[in-house]
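Listing of upload08.cif; format and content: mmCIF, C-alpha atoms.
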data_structure
loop_
_atom_site.label_atom_id
_atom_site.label_comp_id
_atom_site.auth_asym_id
_atom_site.auth_seq_id
_atom_site.Cartn_x
_atom_site.Cartn_y
_atom_site.Cartn_z
CA MET A 1 -23.76 28.02 68.05
CA SER A 2 -20.06 27.74 68.74
CA GLU A 3 -17.55 30.19 67.30
CA ASN A 4 -15.63 27.64 65.22
CA LEU A 5 -18.74 26.32 63.57
CA GLU A 6 -19.81 29.79 62.60
CA TYR A 7 -16.44 30.29 60.89
CA LEU A 8 -16.91 27.00 59.03
CA LEU A 9 -20.37 28.06 57.84
CA ALA A 10 -19.11 31.47 56.73
CA LEU A 11 -16.23 29.81 54.87
CA LEU A 12 -18.57 27.39 53.08
CA ILE A 13 -20.91 30.21 52.07
CA ILE A 14 -18.08 32.40 50.72
CA ILE A 15 -16.45 29.50 48.82
CA GLY A 16 -19.82 28.54 47.36
CA SER A 17 -20.67 32.06 46.21
CA VAL A 18 -17.19 32.61 44.73
CA PHE A 19 -17.40 29.39 42.70
CA THR A 20 -20.92 30.25 41.51
CA LEU A 21 -19.65 33.66 40.42
CA ILE A 22 -16.66 32.10 38.61
CA GLY A 23 -19.06 29.83 36.71
CA SER A 24 -20.99 32.87 35.50
CA ILE A 25 -17.78 34.76 34.68
CA GLY A 26 -16.86 31.80 32.47
CA LEU A 27 -20.27 32.08 30.80
CA TYR A 28 -19.68 35.79 30.28
CA LYS A 29 -16.14 35.93 28.95
CA LEU A 30 -15.20 32.72 27.13
CA PRO A 31 -15.29 33.00 23.33
CA ASP A 32 -17.52 30.16 22.06
CA PHE A 33 -20.45 28.02 23.18
CA TYR A 34 -18.51 24.79 23.78
CA MET A 35 -16.03 26.57 26.05
CA ARG A 36 -18.80 28.43 27.89
CA LEU A 37 -20.37 25.07 28.69
CA HIS A 38 -17.53 24.28 31.11
CA GLY A 39 -18.16 27.11 33.59
CA PRO A 40 -21.78 26.53 34.62
CA THR A 41 -21.62 22.72 34.59
CA LYS A 42 -18.70 22.47 36.99
CA ALA A 43 -18.07 25.61 39.00
CA SER A 44 -21.71 26.54 39.57
CA THR A 45 -22.69 23.01 40.58
CA LEU A 46 -19.97 22.80 43.23
CA GLY A 47 -20.72 26.35 44.40
CA VAL A 48 -24.40 25.63 44.96
CA GLY A 49 -23.43 22.30 46.56
CA ALA A 50 -21.25 24.09 49.13
CA ILE A 51 -24.03 26.59 49.94
CA LEU A 52 -26.54 23.75 50.39
CA ILE A 53 -24.17 21.89 52.74
CA ALA A 54 -23.89 25.09 54.81
CA SER A 55 -27.70 25.16 54.92
CA VAL A 56 -27.83 21.51 56.10
CA ILE A 57 -25.40 22.23 58.97
CA TYR A 58 -27.20 25.43 59.96
CA PHE A 59 -30.72 24.00 60.10
CA THR A 60 -29.57 20.79 61.79
CA LEU A 61 -28.09 22.85 64.62
CA LYS A 62 -30.95 25.30 64.79
CA GLN A 63 -33.72 22.73 65.04
CA ASP A 64 -31.75 20.19 67.11
CA ALA A 65 -32.86 17.53 64.64
CA ILE A 66 -31.15 16.26 61.53
CA SER A 67 -32.33 18.25 58.53
CA LEU A 68 -31.06 16.48 55.45
CA HIS A 69 -33.52 17.51 52.78
CA GLU A 70 -31.16 20.07 51.20
CA VAL A 71 -28.97 17.09 50.33
CA LEU A 72 -31.74 16.15 47.91
CA ILE A 73 -31.21 19.35 45.87
CA THR A 74 -27.42 18.81 45.89
CA LEU A 75 -27.79 15.23 44.66
CA PHE A 76 -30.33 16.28 42.06
CA LEU A 77 -28.05 19.03 40.73
CA PHE A 78 -25.04 16.71 40.58
CA ILE A 79 -27.06 14.15 38.62
CA THR A 80 -28.80 16.56 36.24
CA ALA A 81 -26.01 19.07 35.46
CA PRO A 82 -23.97 16.71 33.20
CA ILE A 83 -27.15 15.41 31.50
CA GLY A 84 -28.26 18.95 30.69
CA ALA A 85 -24.76 19.84 29.46
CA HIS A 86 -24.64 16.74 27.27
CA LEU A 87 -28.03 17.53 25.68
CA MET A 88 -27.13 21.18 25.06
CA ALA A 89 -23.80 20.19 23.46
CA LYS A 90 -25.59 17.62 21.32
CA ALA A 91 -28.12 20.25 20.17
CA ALA A 92 -25.30 22.73 19.47
CA ILE A 93 -23.44 20.17 17.32
CA HIS A 94 -26.69 19.31 15.54
CA ILE A 95 -27.38 22.90 14.47
CA ALA A 96 -23.63 23.49 13.83
CA THR A 97 -23.01 26.31 16.31
CA ASP A 98 -19.85 28.32 15.62
CA LYS A 99 -16.68 27.33 17.42
CA VAL A 100 -13.39 29.20 17.78
CA LYS A 101 -11.04 28.67 14.83
CA ARG A 102 -8.28 27.14 16.92
CA THR A 103 -10.45 24.20 18.08
CA GLU A 104 -8.83 20.98 16.85
CA ASP A 105 -10.14 17.47 16.42
CA TYR A 106 -8.19 14.61 17.91
CA HIS A 107 -8.97 10.96 17.26
CA GLY A 108 -7.88 8.82 20.19
CA GLU A 109 -6.40 5.37 19.98
CA LYS A 110 -7.33 2.44 22.16
CA MET B 111 -19.71 36.88 61.12
CA LEU B 112 -22.34 34.65 59.58
CA GLU B 113 -24.49 37.66 58.73
CA LEU B 114 -21.59 39.40 56.98
CA SER B 115 -20.65 36.33 54.93
CA LEU B 116 -24.28 35.92 53.90
CA GLU B 117 -24.40 39.53 52.72
CA ILE B 118 -21.18 39.08 50.71
CA GLY B 119 -22.55 35.85 49.25
CA LEU B 120 -25.82 37.53 48.19
CA VAL B 121 -23.88 40.31 46.44
CA LEU B 122 -21.58 37.85 44.61
CA ILE B 123 -24.49 35.74 43.41
CA SER B 124 -26.40 38.84 42.27
CA ILE B 125 -23.38 39.70 40.08
CA ALA B 126 -23.44 36.12 38.77
CA LEU B 127 -27.16 36.52 37.94
CA ILE B 128 -26.47 39.74 36.03
CA LEU B 129 -23.63 38.11 34.04
CA SER B 130 -25.78 35.14 33.01
CA PHE B 131 -28.68 37.47 32.22
CA TYR B 132 -26.35 39.42 29.91
CA ARG B 133 -25.47 36.16 28.10
CA MET B 134 -29.15 35.27 27.77
CA ILE B 135 -30.02 38.63 26.17
CA VAL B 136 -26.94 38.87 23.92
CA GLY B 137 -26.75 35.26 22.78
CA PRO B 138 -25.36 35.03 20.06
CA SER B 139 -26.59 31.48 19.33
CA LYS B 140 -29.65 29.57 20.53
CA PRO B 141 -27.73 27.02 22.66
CA ASP B 142 -26.00 29.97 24.38
CA ARG B 143 -29.38 31.29 25.51
CA ILE B 144 -30.44 27.85 26.79
CA LEU B 145 -27.17 27.52 28.72
CA ALA B 146 -27.62 31.01 30.19
CA LEU B 147 -31.17 30.12 31.27
CA ASP B 148 -29.88 26.93 32.91
CA THR B 149 -27.23 28.93 34.77
CA LEU B 150 -29.92 31.38 35.87
CA TYR B 151 -31.85 28.48 37.43
CA VAL B 152 -28.78 27.26 39.32
CA ASN B 153 -27.93 30.76 40.51
CA SER B 154 -31.49 31.40 41.65
CA ILE B 155 -31.37 28.19 43.71
CA ALA B 156 -28.25 29.54 45.40
CA ILE B 157 -29.84 32.93 46.06
CA LEU B 158 -33.01 31.31 47.50
CA VAL B 159 -31.01 29.11 49.87
CA LEU B 160 -28.94 32.10 50.99
CA THR B 161 -32.13 34.11 51.56
CA GLY B 162 -33.47 31.23 53.64
CA LEU B 163 -30.31 31.27 55.77
CA TYR B 164 -30.41 35.06 56.06
CA LEU B 165 -34.04 35.13 57.22
CA LYS B 166 -33.51 31.94 59.31
CA SER B 167 -36.48 30.24 57.74
CA ALA B 168 -36.78 26.82 56.11
CA VAL B 169 -39.74 27.63 53.84
CA TYR B 170 -37.53 28.57 50.88
CA PHE B 171 -36.43 24.96 50.51
CA GLU B 172 -39.55 23.92 48.58
CA ALA B 173 -39.14 26.77 46.09
CA ALA B 174 -35.47 25.82 45.53
CA LEU B 175 -36.37 22.16 44.98
CA LEU B 176 -39.13 23.09 42.50
CA ILE B 177 -36.76 25.37 40.56
CA ALA B 178 -34.18 22.56 40.41
CA VAL B 179 -36.72 20.06 39.03
CA MET B 180 -38.51 22.43 36.63
CA GLY B 181 -35.22 23.97 35.46
CA PHE B 182 -33.90 20.59 34.43
CA VAL B 183 -37.12 19.73 32.58
CA GLY B 184 -37.02 23.12 30.83
CA THR B 185 -33.41 22.68 29.72
CA VAL B 186 -34.11 19.19 28.36
CA ALA B 187 -37.26 20.35 26.54
CA LEU B 188 -35.49 23.31 24.90
CA SER B 189 -32.49 21.17 23.85
CA LYS B 190 -34.84 18.53 22.40
CA TYR B 191 -36.63 21.28 20.50
CA LEU B 192 -33.34 22.33 18.87
CA LEU B 193 -32.45 18.70 18.13
CA ARG B 194 -35.71 17.68 16.49
CA GLY B 195 -37.77 20.77 15.69
CA ASP B 196 -40.60 19.73 18.00
CA ILE B 197 -40.96 18.51 21.58
CA MET B 198 -43.65 15.82 21.45
CA GLU B 199 -44.31 13.41 18.63
CA MET C 200 -39.77 -12.15 45.54
CA LYS C 201 -38.87 -11.26 41.97
CA LYS C 202 -42.45 -10.23 41.21
CA LEU C 203 -42.76 -8.16 44.36
CA LEU C 204 -39.45 -6.31 43.89
CA PRO C 205 -38.60 -6.09 40.18
CA HIS C 206 -35.90 -3.46 40.82
CA PRO C 207 -34.58 -3.64 44.38
CA ILE C 208 -32.12 -0.74 43.89
CA LEU C 209 -34.89 1.54 42.59
CA THR C 210 -37.08 0.58 45.57
CA LEU C 211 -34.33 1.52 48.02
CA ILE C 212 -33.62 4.83 46.28
CA LEU C 213 -37.34 5.78 46.19
CA TRP C 214 -37.69 4.98 49.88
CA ILE C 215 -34.71 7.15 50.84
CA ILE C 216 -35.94 10.02 48.62
CA TRP C 217 -39.40 9.88 50.24
CA LEU C 218 -37.88 10.13 53.72
CA LEU C 219 -35.56 12.98 52.65
CA LEU C 220 -38.43 14.90 51.02
CA ASN C 221 -40.48 14.76 54.19
CA ASN C 222 -37.37 15.33 56.28
CA THR C 223 -38.49 12.94 58.99
CA LEU C 224 -37.94 9.48 60.40
CA ALA C 225 -41.45 9.10 61.82
CA MET C 226 -42.89 5.57 61.75
CA GLY C 227 -45.86 6.60 59.59
CA HIS C 228 -43.64 7.99 56.85
CA ILE C 229 -41.33 4.97 56.94
CA VAL C 230 -44.33 2.69 56.32
CA LEU C 231 -45.96 4.94 53.69
CA GLY C 232 -42.62 5.42 51.89
CA GLY C 233 -42.04 1.67 51.95
CA ILE C 234 -45.46 1.00 50.41
CA LEU C 235 -44.89 3.61 47.67
CA ALA C 236 -41.38 2.30 47.01
CA ILE C 237 -42.79 -1.19 46.43
CA ILE C 238 -45.82 -0.15 44.34
CA ILE C 239 -44.13 2.36 41.99
CA PRO C 240 -41.49 -0.05 40.55
CA ILE C 241 -44.19 -2.70 39.97
CA MET C 242 -46.44 -0.24 38.12
CA THR C 243 -43.62 1.18 35.99
CA SER C 244 -41.68 -2.05 35.44
CA SER C 245 -42.67 -2.14 31.74
CA PHE C 246 -40.60 1.04 31.22
CA TRP C 247 -37.46 -0.63 32.61
CA PRO C 248 -37.00 -3.75 30.50
CA GLU C 249 -33.29 -4.36 31.10
CA LYS C 250 -31.96 -5.30 34.50
CA VAL C 251 -29.09 -3.40 36.04
CA CYS C 252 -26.58 -5.71 37.61
CA ILE C 253 -23.79 -4.60 39.91
CA SER C 254 -21.21 -7.27 40.54
CA HIS C 255 -18.68 -5.55 42.81
CA PRO C 256 -20.37 -3.08 45.22
CA LYS C 257 -16.99 -2.43 46.89
CA ILE C 258 -15.43 -1.15 43.67
CA LEU C 259 -18.54 0.99 43.05
CA ILE C 260 -18.19 2.69 46.45
CA LYS C 261 -14.47 3.26 45.88
CA TYR C 262 -15.30 4.67 42.44
CA LEU C 263 -17.83 7.08 44.00
CA PHE C 264 -15.21 8.46 46.39
CA VAL C 265 -12.62 8.80 43.60
CA VAL C 266 -15.17 10.76 41.53
CA LEU C 267 -16.17 13.01 44.45
CA TRP C 268 -12.51 13.87 45.09
CA ASP C 269 -11.94 14.50 41.38
CA ILE C 270 -14.96 16.84 41.26
CA LEU C 271 -13.34 18.99 43.96
CA ILE C 272 -10.00 19.08 42.12
CA ALA C 273 -11.75 19.64 38.78
CA ASN C 274 -13.50 22.73 40.05
CA VAL C 275 -10.31 24.39 41.22
CA ILE C 276 -8.64 23.59 37.87
CA VAL C 277 -11.57 24.91 35.82
CA ALA C 278 -11.86 28.02 37.98
CA LYS C 279 -8.15 28.75 37.34
CA LEU C 280 -8.59 28.18 33.59
CA ILE C 281 -11.62 30.48 33.46
CA LEU C 282 -9.79 33.27 35.24
CA SER C 283 -6.64 32.89 33.09
CA ASN C 284 -6.14 34.55 29.72
CA LYS C 285 -8.87 33.28 27.40
CA ASP C 286 -6.75 33.59 24.25
CA LYS C 287 -4.21 31.10 25.56
CA LEU C 288 -6.72 28.29 26.01
CA GLN C 289 -6.47 25.48 23.48
CA PRO C 290 -9.90 23.80 23.15
CA LYS C 291 -10.07 20.39 21.45
CA PHE C 292 -12.67 17.83 20.47
CA LEU C 293 -11.51 14.38 21.55
CA HIS C 294 -12.93 11.24 19.97
CA ILE C 295 -12.60 8.52 22.60
CA PRO C 296 -13.01 4.90 21.45
CA LEU C 297 -14.98 2.99 24.10
CA ASP C 298 -14.26 -0.46 25.52
CA ILE C 299 -17.51 -0.77 27.48
CA GLU C 300 -20.80 -1.70 25.84
CA ASP C 301 -23.35 -1.68 28.67
CA PRO C 302 -25.62 1.41 28.21
CA VAL C 303 -25.78 2.16 31.96
CA ALA C 304 -21.98 2.04 32.20
CA ILE C 305 -21.62 4.36 29.19
CA SER C 306 -24.04 6.92 30.66
CA ILE C 307 -22.24 6.85 34.02
CA LEU C 308 -18.91 7.29 32.22
CA ALA C 309 -20.28 10.26 30.22
CA ASN C 310 -21.64 11.92 33.39
CA THR C 311 -18.33 11.37 35.18
CA ILE C 312 -16.40 12.93 32.30
CA SER C 313 -18.67 15.98 32.39
CA LEU C 314 -18.09 16.49 36.11
CA THR C 315 -14.29 16.03 36.11
CA PRO C 316 -11.35 18.20 34.98
CA GLY C 317 -11.81 20.37 31.92
CA THR C 318 -13.88 17.96 29.84
CA VAL C 319 -17.58 17.79 28.85
CA SER C 320 -19.05 14.84 26.99
CA CYS C 321 -20.90 16.05 23.91
CA ASP C 322 -22.07 13.19 21.74
CA LEU C 323 -22.14 9.42 21.37
CA ASN C 324 -22.14 7.97 17.88
CA ALA C 325 -25.02 5.76 16.73
CA ASP C 326 -23.39 2.38 17.40
CA ARG C 327 -22.11 3.42 20.84
CA THR C 328 -18.41 2.96 20.15
CA VAL C 329 -16.99 6.50 20.11
CA LEU C 330 -17.65 9.23 22.68
CA LEU C 331 -17.09 12.84 21.60
CA VAL C 332 -15.62 14.95 24.41
CA HIS C 333 -14.81 18.67 24.45
CA GLY C 334 -11.73 19.69 26.41
CA LEU C 335 -11.35 23.29 27.59
CA HIS C 336 -7.55 23.29 27.54
CA GLU C 337 -5.80 20.22 26.15
CA GLU C 338 -2.06 20.18 25.59
CA ASN C 339 -1.59 16.44 25.54
CA PRO C 340 -4.85 14.84 24.35
CA GLN C 341 -3.63 11.24 24.34
CA ALA C 342 -2.64 11.52 28.01
CA THR C 343 -6.15 12.79 28.88
CA ILE C 344 -7.74 9.89 27.00
CA ASP C 345 -5.44 7.37 28.68
CA GLU C 346 -6.26 8.82 32.09
CA ILE C 347 -10.02 8.66 31.47
CA LYS C 348 -9.74 5.08 30.24
CA GLN C 349 -7.61 3.91 33.10
CA ARG C 350 -9.17 5.92 35.94
CA TYR C 351 -12.88 5.72 35.12
CA GLU C 352 -13.52 3.22 32.35
CA ALA C 353 -11.60 0.27 33.82
CA PRO C 354 -13.49 0.17 37.16
CA LEU C 355 -16.84 0.66 35.38
CA LYS C 356 -16.03 -2.25 33.09
CA GLU C 357 -15.33 -4.40 36.09
CA ILE C 358 -18.51 -3.31 37.93
CA PHE C 359 -21.06 -3.64 35.13
CA GLU C 360 -19.75 -6.19 32.68
CA SER C 361 -18.53 -9.15 34.64
CA CYS C 362 -21.96 -10.66 35.26
#
Serialized structure, structure tokens:
Amino acid sequence: MSENLEYLLALLIIIGSVFTLIGSIGLYKLPDFYMRLHGPTKASTLGVGAILIASVIYFTLKQDAISLHEVLITLFLFITAPIGAHLMAKAAIHIATDKVKRTEDYHGEK
Amino acid sequence: MLELSLEIGLVLISIALILSFYRMIVGPSKPDRILALDTLYVNSIAILVLTGLYLKSAVYFEAALLIAVMGFVGTVALSKYLLRGDIME
Amino acid sequence: MKKLLPHPILTLILWIIWLLLNNTLAMGHIVLGGILAIIIPIMTSSFWPEKVCISHPKILIKYLFVVLWDILIANVIVAKLILSNKDKLQPKFLHIPLDIEDPVAISILANTISLTPGTVSCDLNADRTVLLVHGLHEENPQATIDEIKQRYEAPLKEIFESC
């Protein structure tokens, strides 16, 4: 494996782990459920996506044959993460979960 | 180089797992726990893929795929339970 | 032809997923995947009563690239917001009136909103006219709504509702 490629893989892995960690930090420190929802749905999804792309590159080079099946997990996560978030938010609104006092409602115009 | 970055990545994701585990235990509301569980699934996929890279083996892929599928089904089932009070009619 | 392939897009997607799952391009798997991809849509066609129609594939592909780019940007923005001072964030619920009516287009719009900067779609009202969106840090809500409408809703309207 060439030197440059190894740097690229290392970079992808570090970026992925940092974003995954930031998603969980959001889950840990933000004050109410609706705000916590933002961290895991975005940051964690991209983080895991970056790690999986690193895995695709690594195994493709190692086996000398295209190994694309990790793409399946990435695609699956990108499709399911917003659906899960939507359902959880819907459930939270249904059972009237607490929100921070400063949350405002805004009715948009066309 | 690759080895070092993998070790750093494993440590960072372990911290992420601990943070989401804290949220799952503490709550305070039911949707918070579901969200924390969902994050735990995503983080465990990341840790499995990194382990696979670290041990240079492709067998962890199936486990990661299964966690992705089952995790989504679990999240949907728990949210539906909160929405309606039961899962199946 | 219509009886054999009730949902051509679903058939294609199933075929590709089969090949990805087995991680191979061997002839046997191409044939087996093709057979499964034809049989499964026929057996489940009663679950999919409405037909999805895509009128401008070019706009759809352009839309996909715009969304992918926005996901990258969104993540950097959200990461910055999460690491900033949490007491300075101004969360808001936005009620967005919708122009599109097609259910597939609405679900794609809701998923796109969840994946792009600082917003998560939360609820759709019963007659599918208003989408409730939660923003993590909104200073100018009308600008956000205008951007969503113009950047994501307009192309989706063109793709799904002109046929």
Using only C-alpha atoms and a distance of at most 8 Å, pull out the residues of chain A that contact chain B, as a PDB file with C-alpha atoms, in the frame of the given file.
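out-v4.pdb written:
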ATOM      1  CA  GLU A   6     -19.810  29.790  62.600  1.00  0.00           C
ATOM      2  CA  TYR A   7     -16.440  30.290  60.890  1.00  0.00           C
ATOM      3  CA  LEU A   9     -20.370  28.060  57.840  1.00  0.00           C
ATOM      4  CA  ALA A  10     -19.110  31.470  56.730  1.00  0.00           C
ATOM      5  CA  LEU A  11     -16.230  29.810  54.870  1.00  0.00           C
ATOM      6  CA  ILE A  13     -20.910  30.210  52.070  1.00  0.00           C
ATOM      7  CA  ILE A  14     -18.080  32.400  50.720  1.00  0.00           C
ATOM      8  CA  SER A  17     -20.670  32.060  46.210  1.00  0.00           C
ATOM      9  CA  VAL A  18     -17.190  32.610  44.730  1.00  0.00           C
ATOM     10  CA  THR A  20     -20.920  30.250  41.510  1.00  0.00           C
ATOM     11  CA  LEU A  21     -19.650  33.660  40.420  1.00  0.00           C
ATOM     12  CA  ILE A  22     -16.660  32.100  38.610  1.00  0.00           C
ATOM     13  CA  GLY A  23     -19.060  29.830  36.710  1.00  0.00           C
ATOM     14  CA  SER A  24     -20.990  32.870  35.500  1.00  0.00           C
ATOM     15  CA  ILE A  25     -17.780  34.760  34.680  1.00  0.00           C
ATOM     16  CA  LEU A  27     -20.270  32.080  30.800  1.00  0.00           C
ATOM     17  CA  TYR A  28     -19.680  35.790  30.280  1.00  0.00           C
ATOM     18  CA  PHE A  33     -20.450  28.020  23.180  1.00  0.00           C
ATOM     19  CA  LEU A  37     -20.370  25.070  28.690  1.00  0.00           C
ATOM     20  CA  PRO A  40     -21.780  26.530  34.620  1.00  0.00           C
ATOM     21  CA  SER A  44     -21.710  26.540  39.570  1.00  0.00           C
ATOM     22  CA  THR A  45     -22.690  23.010  40.580  1.00  0.00           C
ATOM     23  CA  VAL A  48     -24.400  25.630  44.960  1.00  0.00           C
ATOM     24  CA  ILE A  51     -24.030  26.590  49.940  1.00  0.00           C
ATOM     25  CA  LEU A  52     -26.540  23.750  50.390  1.00  0.00           C
ATOM     26  CA  SER A  55     -27.700  25.160  54.920  1.00  0.00           C
ATOM     27  CA  TYR A  58     -27.200  25.430  59.960  1.00  0.00           C
ATOM     28  CA  PHE A  59     -30.720  24.000  60.100  1.00  0.00           C
ATOM     29  CA  GLU A  70     -31.160  20.070  51.200  1.00  0.00           C
ATOM     30  CA  ILE A  73     -31.210  19.350  45.870  1.00  0.00           C
ATOM     31  CA  PHE A  76     -30.330  16.280  42.060  1.00  0.00           C
ATOM     32  CA  LEU A  77     -28.050  19.030  40.730  1.00  0.00           C
ATOM     33  CA  THR A  80     -28.800  16.560  36.240  1.00  0.00           C
ATOM     34  CA  GLY A  84     -28.260  18.950  30.690  1.00  0.00           C
ATOM     35  CA  LEU A  87     -28.030  17.530  25.680  1.00  0.00           C
ATOM     36  CA  MET A  88     -27.130  21.180  25.060  1.00  0.00           C
ATOM     37  CA  ALA A  89     -23.800  20.190  23.460  1.00  0.00           C
ATOM     38  CA  LYS A  90     -25.590  17.620  21.320  1.00  0.00           C
ATOM     39  CA  ALA A  91     -28.120  20.250  20.170  1.00  0.00           C
ATOM     40  CA  ALA A  92     -25.300  22.730  19.470  1.00  0.00           C
ATOM     41  CA  HIS A  94     -26.690  19.310  15.540  1.00  0.00           C
ATOM     42  CA  ILE A  95     -27.380  22.900  14.470  1.00  0.00           C
ATOM     43  CA  THR A  97     -23.010  26.310  16.310  1.00  0.00           C
TER      44      THR A  97
END
Check every residue of chain A for an atom within 6 Å of chain C, counting all atoms listed in the file, and provide those that qualify as a compact mmCIF listing (two decimals) with C-alpha atoms, in the coordinates of the input.
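Contents of iface.txt, as written:
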# COMPACT_ATOMS: atom_id res chain seq x y z
CA GLY A 26 -16.86 31.80 32.47
CA MET A 35 -16.03 26.57 26.05
CA ALA A 43 -18.07 25.61 39.00
CA HIS A 69 -33.52 17.51 52.78
CA PRO A 82 -23.97 16.71 33.20
CA HIS A 86 -24.64 16.74 27.27
CA ALA A 89 -23.80 20.19 23.46
CA LYS A 90 -25.59 17.62 21.32
CA THR A 103 -10.45 24.20 18.08
CA GLU A 104 -8.83 20.98 16.85
CA ASP A 105 -10.14 17.47 16.42
CA TYR A 106 -8.19 14.61 17.91
CA HIS A 107 -8.97 10.96 17.26
CA GLY A 108 -7.88 8.82 20.19
* **Interatomic distance (Å, one decimal) between atom CA of A:Pro31 and atom CA of A:Lys101** => 10.4 Å
* **Shell around C:Arg350 at 10 Å using only C-alpha atoms, local window under 4 positions removed, as a ChimeraX atom specification** => /C:262,265-266,344-346,354-355
* Could you please determine the separation between atom CA of C:Met242 and atom CA of C:Val230 in Å, to one decimal place? =>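 Answer for the atom CA of C:Met242 to atom CA of C:Val230 separation: 18.6 Å.
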* Between atom CA of C:Ser244 and atom CA of C:Ile258, what is the spacing in Å? ->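 According to the coordinates, atom CA of C:Ile258 and atom CA of C:Ser244 are separated by 27.5 Å.
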* Shell around C:Ile212 at 12 Å using all atoms listed in the file, local window under 3 positions removed, as a VMD selection string -> (chain A and resid 72) or (chain C and resid 206 to 209 215 to 219 232 to 233 235 to 237 239 to 240)
